[in-house]
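Data first, discussion second: the structure below is written as structure tokens.
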Amino acid sequence: IICSLLQGNDPDAAEYILIEPKQVEFTFYEDLPGVRVCYDPTEAYSLLSSAIMEMESRFSAMKASCSRVWSGKKTYIFIDELADLMLGNRKTIEPLITRIAQKGRAAGIHLILATQYPTKQVFSTVIKANVPTRIALKVKTRSDSMTIIDRTGAELLQGKGDAILSKADGEEIHFQGRYLSDAEIEEITDTYREMYTSVPEILPEITTEPTVTPVSYAEPVLYVPSVTSVNSSAPSVPSHHTSHTSHTSEVMENIRNFIVSFTFVLGMILLLAF
């Protein structure tokens, strides 16, 4: 269930509180963004109390916005081995679990409880009344099956993920749970950690100010390349640039003479006309 939620939600959409007194099942999920792993019963009490305060705060926000459905971040609280958590802390832990189970779902806070000892001492009548959806794996006795799904049948399951889902509306579904190895769980959590904790460097950091060369706006100058003799003993070779310059000067002189002659002829024509 946890891996399915991690694959379907980013840290902005869901947060997780994982409580496990045995300290062996949730080690894969440590240091994940948006995931809080707790092994101490005293800390678990504080986290559950904080969850109740968050629940009441969300109800106040829903009331202010005239909304019946919480549309913000979801909170999932997993308690693995409820029997160990309740041992010696029943009077303090059970009221918190009951209150979250009663009102949490409407505020986007969901509670998932698990134990290997489904006895009446662990799942009291108050808790059962507020946890209507239940999943039973293979159990040893018919009484354990009655405690979980209020009927016999779980003792006949084959094990290895064979389970019965009892829904709140009374419908029951017999299904086969998906097995995940430790290597698969580690791969999922490592991918989740890399996706939401490491940010690649897109551009290198600029440590110095860029140097800007000022632009000069001087008057344009006509550049005429000159010819420099490299070897005085080499035979003389006519320069292409020199001949091109001489030809240009000759053309400009011819144009100037044409303009003068045309001006003189035009003046004579105007004088005769008048």
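Quick note on naming: the chains in the structure tokens go A, B, ... in the order shown, residues restart at 1 in each chain, and ligands are numbered from 1 in order of appearance.
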| message | I want to know what sits within 7 Å of Leu18 (chain A), based on only C-alpha atoms, with residues of the same chain fewer than 4 positions away left out; could you give that as an MDAnalysis selection string? | response | chainID A and resid 36:38 77:79
| task | Please identify all polymer residues within 10 Å of Gln7 (chain A), counting only C-alpha atoms, omitting same-chain residues fewer than 6 positions from it, and present them as an NGL selection string. | result | :A and (188-189 or 191-192)
Using only N, CA and C atoms, please write the residues we just selected to a file, as a short mmCIF file (atom, residue, chain, number, x, y, z; two decimals), in the first residue's frame.
data_model
loop_
_atom_site.label_atom_id
_atom_site.label_comp_id
_atom_site.auth_asym_id
_atom_site.auth_seq_id
_atom_site.Cartn_x
_atom_site.Cartn_y
_atom_site.Cartn_z
N ILE A 188 12.08 1.29 -5.53
CA ILE A 188 11.02 2.28 -5.55
C ILE A 188 11.37 3.48 -4.67
N THR A 189 11.84 3.21 -3.46
CA THR A 189 12.17 4.31 -2.54
C THR A 189 13.38 5.10 -3.02
N THR A 191 14.25 5.59 -6.15
CA THR A 191 13.77 6.41 -7.25
C THR A 191 12.99 7.61 -6.74
N TYR A 192 12.14 7.38 -5.75
CA TYR A 192 11.36 8.47 -5.16
C TYR A 192 12.28 9.51 -4.52
#
| task | Can you work out which one of A:Ser46, A:Thr125, A:Leu5, A:Tyr76 has the shortest atom-to-atom distance to Ile112 (chain A), counting only C-alpha atoms? | result |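 Once distances to Ile112 (chain A) are computed over only C-alpha atoms, the minimum belongs to A:Tyr76.
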Within 10 Å of region 59-62 of chain A, counting only C-alpha atoms, which residues qualify if same-chain residues fewer than 2 places away don't, as a PDB file with N, CA, C and O atoms, in the first residue's frame?
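Result saved to result-v1.pdb:
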ATOM      1  N   MET A  53      -4.631  17.885  15.827  1.00  0.00           N
ATOM      2  CA  MET A  53      -4.636  19.343  15.704  1.00  0.00           C
ATOM      3  C   MET A  53      -4.723  19.763  14.236  1.00  0.00           C
ATOM      4  O   MET A  53      -5.455  20.706  13.887  1.00  0.00           O
ATOM      5  N   GLU A  54      -4.001  19.082  13.359  1.00  0.00           N
ATOM      6  CA  GLU A  54      -4.074  19.376  11.932  1.00  0.00           C
ATOM      7  C   GLU A  54      -5.470  19.083  11.395  1.00  0.00           C
ATOM      8  O   GLU A  54      -5.995  19.831  10.549  1.00  0.00           O
ATOM      9  N   MET A  55      -6.081  18.024  11.876  1.00  0.00           N
ATOM     10  CA  MET A  55      -7.432  17.680  11.443  1.00  0.00           C
ATOM     11  C   MET A  55      -8.415  18.782  11.811  1.00  0.00           C
ATOM     12  O   MET A  55      -9.244  19.201  10.978  1.00  0.00           O
ATOM     13  N   GLU A  56      -8.337  19.283  13.041  1.00  0.00           N
ATOM     14  CA  GLU A  56      -9.242  20.350  13.459  1.00  0.00           C
ATOM     15  C   GLU A  56      -8.974  21.634  12.683  1.00  0.00           C
ATOM     16  O   GLU A  56      -9.913  22.379  12.349  1.00  0.00           O
ATOM     17  N   SER A  57      -7.716  21.894  12.378  1.00  0.00           N
ATOM     18  CA  SER A  57      -7.381  23.080  11.584  1.00  0.00           C
ATOM     19  C   SER A  57      -7.966  22.987  10.180  1.00  0.00           C
ATOM     20  O   SER A  57      -8.462  23.978   9.623  1.00  0.00           O
ATOM     21  N   ALA A  64     -14.603  27.790   6.850  1.00  0.00           N
ATOM     22  CA  ALA A  64     -14.443  29.164   6.364  1.00  0.00           C
ATOM     23  C   ALA A  64     -14.693  29.274   4.865  1.00  0.00           C
ATOM     24  O   ALA A  64     -15.166  30.306   4.381  1.00  0.00           O
ATOM     25  N   SER A  65     -14.367  28.216   4.131  1.00  0.00           N
ATOM     26  CA  SER A  65     -14.546  28.241   2.676  1.00  0.00           C
ATOM     27  C   SER A  65     -15.852  27.591   2.226  1.00  0.00           C
ATOM     28  O   SER A  65     -16.064  27.423   1.023  1.00  0.00           O
ATOM     29  N   CYS A  66     -16.708  27.221   3.207  1.00  0.00           N
ATOM     30  CA  CYS A  66     -18.003  26.575   2.896  1.00  0.00           C
ATOM     31  C   CYS A  66     -17.812  25.340   2.017  1.00  0.00           C
ATOM     32  O   CYS A  66     -18.532  25.138   1.032  1.00  0.00           O
ATOM     33  N   SER A  67     -16.829  24.514   2.376  1.00  0.00           N
ATOM     34  CA  SER A  67     -16.532  23.311   1.606  1.00  0.00           C
ATOM     35  C   SER A  67     -16.727  22.086   2.486  1.00  0.00           C
ATOM     36  O   SER A  67     -16.430  22.107   3.687  1.00  0.00           O
ATOM     37  N   ARG A  68     -17.209  21.015   1.872  1.00  0.00           N
ATOM     38  CA  ARG A  68     -17.394  19.759   2.591  1.00  0.00           C
ATOM     39  C   ARG A  68     -16.290  18.757   2.316  1.00  0.00           C
ATOM     40  O   ARG A  68     -16.227  17.724   2.981  1.00  0.00           O
ATOM     41  N   VAL A  69     -15.463  19.028   1.321  1.00  0.00           N
ATOM     42  CA  VAL A  69     -14.421  18.090   0.905  1.00  0.00           C
ATOM     43  C   VAL A  69     -13.069  18.780   1.016  1.00  0.00           C
ATOM     44  O   VAL A  69     -12.899  19.910   0.530  1.00  0.00           O
ATOM     45  N   TRP A  70     -12.127  18.100   1.641  1.00  0.00           N
ATOM     46  CA  TRP A  70     -10.772  18.642   1.745  1.00  0.00           C
ATOM     47  C   TRP A  70     -10.033  18.399   0.432  1.00  0.00           C
ATOM     48  O   TRP A  70      -9.933  17.271  -0.031  1.00  0.00           O
ATOM     49  N   SER A  71      -9.531  19.479  -0.170  1.00  0.00           N
ATOM     50  CA  SER A  71      -8.861  19.384  -1.473  1.00  0.00           C
ATOM     51  C   SER A  71      -7.364  19.609  -1.389  1.00  0.00           C
ATOM     52  O   SER A  71      -6.702  19.689  -2.430  1.00  0.00           O
ATOM     53  N   LYS A 103     -13.104  11.071  12.495  1.00  0.00           N
ATOM     54  CA  LYS A 103     -13.258  12.321  11.748  1.00  0.00           C
ATOM     55  C   LYS A 103     -12.179  12.561  10.694  1.00  0.00           C
ATOM     56  O   LYS A 103     -12.313  13.484   9.886  1.00  0.00           O
ATOM     57  N   GLY A 104     -11.136  11.757  10.700  1.00  0.00           N
ATOM     58  CA  GLY A 104      -9.990  12.084   9.857  1.00  0.00           C
ATOM     59  C   GLY A 104     -10.251  12.021   8.364  1.00  0.00           C
ATOM     60  O   GLY A 104      -9.730  12.836   7.596  1.00  0.00           O
ATOM     61  N   ALA A 106     -12.733  12.750   6.423  1.00  0.00           N
ATOM     62  CA  ALA A 106     -13.332  13.934   5.808  1.00  0.00           C
ATOM     63  C   ALA A 106     -12.328  15.075   5.672  1.00  0.00           C
ATOM     64  O   ALA A 106     -12.485  15.942   4.813  1.00  0.00           O
ATOM     65  N   ALA A 107     -11.279  15.079   6.494  1.00  0.00           N
ATOM     66  CA  ALA A 107     -10.257  16.121   6.437  1.00  0.00           C
ATOM     67  C   ALA A 107      -9.014  15.669   5.678  1.00  0.00           C
ATOM     68  O   ALA A 107      -7.976  16.326   5.751  1.00  0.00           O
ATOM     69  N   GLY A 108      -9.101  14.560   4.966  1.00  0.00           N
ATOM     70  CA  GLY A 108      -7.963  14.089   4.183  1.00  0.00           C
ATOM     71  C   GLY A 108      -6.907  13.383   4.993  1.00  0.00           C
ATOM     72  O   GLY A 108      -5.758  13.276   4.563  1.00  0.00           O
TER      73      GLY A 108
END
Using only C-alpha atoms, which protein or nucleic acid residues come within 7 Å of Leu32 (chain A)? Drop anything in the same chain fewer than 3 positions from it, and give the result as a short mmCIF file (atom, residue, chain, number, x, y, z; two decimals) with C-alpha atoms, in the first residue's frame.
data_model
loop_
_atom_site.label_atom_id
_atom_site.label_comp_id
_atom_site.auth_asym_id
_atom_site.auth_seq_id
_atom_site.Cartn_x
_atom_site.Cartn_y
_atom_site.Cartn_z
CA TYR A 29 11.25 4.73 3.99
CA VAL A 35 7.72 10.77 5.15
CA ARG A 193 14.25 9.95 -3.17
#
| task | Within 8 Å of Phe175 (chain A), counting only C-alpha atoms, which residues show up once you throw out same-chain ones fewer than 5 positions away? Write them as a PyMOL selection string, please. | result | chain A and resi 162-165
| field | Residue list (alpha helix (DSSP H), DSSP) for region 94-177 of chain A, as a ChimeraX atom specification | value | /A:94-103,125-130,142-149
| said: Give me the residues near Asn130 (chain A) as a ChimeraX atom specification, where near means some atom within 9 Å (using only C-alpha atoms) and where sequence neighbours in that chain fewer than 4 positions away do not count. | reply: /A:98-99,101-102,125-126
| said: Counting only C-alpha atoms, which residue out of A:Gly161, A:Pro41, A:Gly34, A:Gly72 sits closest to Lys138 (chain A)? | reply: A:Gly161
| query | Interatomic distance between CA of Phe28 (chain A) and CA of Glu186 (chain A)? | reply |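 About the pair CA of Phe28 (chain A) and CA of Glu186 (chain A): they are 6.3 Å apart.
The gap separating CA of Asp144 (chain A) from CA of Pro118 (chain A) is 5.7 Å, in Å to one decimal.
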| said: Write out as a PyMOL selection string the set of residues from region 105-185 of chain A that DSSP, computed on the backbone, places in strand (DSSP E or B). | reply: chain A and resi 109-114+134-136+162-166+172-176
Could you please take those selected residues and save N, CA, C and O atoms as a compact mmCIF listing (two decimals), in the first residue's frame?
# COMPACT_ATOMS: atom_id res chain seq x y z
N ILE A 109 -7.25 12.87 6.17
CA ILE A 109 -6.31 12.13 7.02
C ILE A 109 -6.81 10.70 7.09
O ILE A 109 -7.91 10.42 7.60
N HIS A 110 -6.00 9.78 6.61
CA HIS A 110 -6.41 8.38 6.50
C HIS A 110 -5.53 7.51 7.41
O HIS A 110 -4.31 7.69 7.47
N LEU A 111 -6.17 6.56 8.08
CA LEU A 111 -5.50 5.73 9.08
C LEU A 111 -5.50 4.29 8.63
O LEU A 111 -6.54 3.72 8.28
N ILE A 112 -4.30 3.67 8.64
CA ILE A 112 -4.15 2.25 8.28
C ILE A 112 -3.49 1.54 9.46
O ILE A 112 -2.35 1.86 9.83
N LEU A 113 -4.19 0.58 10.03
CA LEU A 113 -3.71 -0.16 11.20
C LEU A 113 -3.38 -1.59 10.81
O LEU A 113 -4.09 -2.19 10.00
N ALA A 114 -2.34 -2.15 11.41
CA ALA A 114 -1.95 -3.53 11.12
C ALA A 114 -1.43 -4.20 12.38
O ALA A 114 -0.80 -3.56 13.23
N ARG A 134 -11.79 -3.35 6.26
CA ARG A 134 -10.76 -4.21 6.87
C ARG A 134 -10.28 -5.25 5.86
O ARG A 134 -11.03 -5.67 4.98
N ILE A 135 -9.04 -5.66 6.03
CA ILE A 135 -8.43 -6.71 5.21
C ILE A 135 -7.91 -7.80 6.13
O ILE A 135 -7.16 -7.51 7.07
N ALA A 136 -8.30 -9.03 5.85
CA ALA A 136 -7.85 -10.16 6.65
C ALA A 136 -6.96 -11.06 5.79
O ALA A 136 -7.37 -11.50 4.71
N ASP A 162 -2.91 -14.20 0.02
CA ASP A 162 -4.33 -14.54 -0.13
C ASP A 162 -5.12 -13.79 0.96
O ASP A 162 -4.82 -13.94 2.15
N ALA A 163 -6.11 -12.98 0.56
CA ALA A 163 -6.75 -12.08 1.52
C ALA A 163 -8.21 -11.88 1.19
O ALA A 163 -8.69 -12.16 0.09
N ILE A 164 -8.93 -11.37 2.20
CA ILE A 164 -10.34 -10.99 2.07
C ILE A 164 -10.49 -9.53 2.44
O ILE A 164 -10.05 -9.11 3.52
N LEU A 165 -11.10 -8.76 1.55
CA LEU A 165 -11.38 -7.35 1.81
C LEU A 165 -12.85 -7.20 2.18
O LEU A 165 -13.74 -7.57 1.42
N SER A 166 -13.09 -6.66 3.37
CA SER A 166 -14.44 -6.39 3.83
C SER A 166 -14.66 -4.88 3.79
O SER A 166 -14.03 -4.13 4.55
N GLU A 172 -17.75 -7.96 0.17
CA GLU A 172 -16.49 -8.64 0.44
C GLU A 172 -15.84 -9.05 -0.88
O GLU A 172 -16.52 -9.49 -1.82
N ILE A 173 -14.53 -8.90 -0.94
CA ILE A 173 -13.76 -9.23 -2.14
C ILE A 173 -12.61 -10.15 -1.73
O ILE A 173 -11.83 -9.82 -0.83
N HIS A 174 -12.54 -11.28 -2.39
CA HIS A 174 -11.43 -12.23 -2.17
C HIS A 174 -10.37 -11.91 -3.23
O HIS A 174 -10.62 -11.99 -4.43
N PHE A 175 -9.15 -11.55 -2.80
CA PHE A 175 -8.13 -11.11 -3.75
C PHE A 175 -6.77 -11.65 -3.35
O PHE A 175 -6.56 -12.14 -2.23
N GLN A 176 -5.83 -11.54 -4.31
CA GLN A 176 -4.45 -11.96 -4.08
C GLN A 176 -3.57 -10.72 -3.99
O GLN A 176 -3.48 -9.94 -4.93
| What is the CA of Ile19 (chain A) to CA of Asp190 (chain A) distance in Å? |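 That distance, rounded to one decimal, is 20.5 Å.
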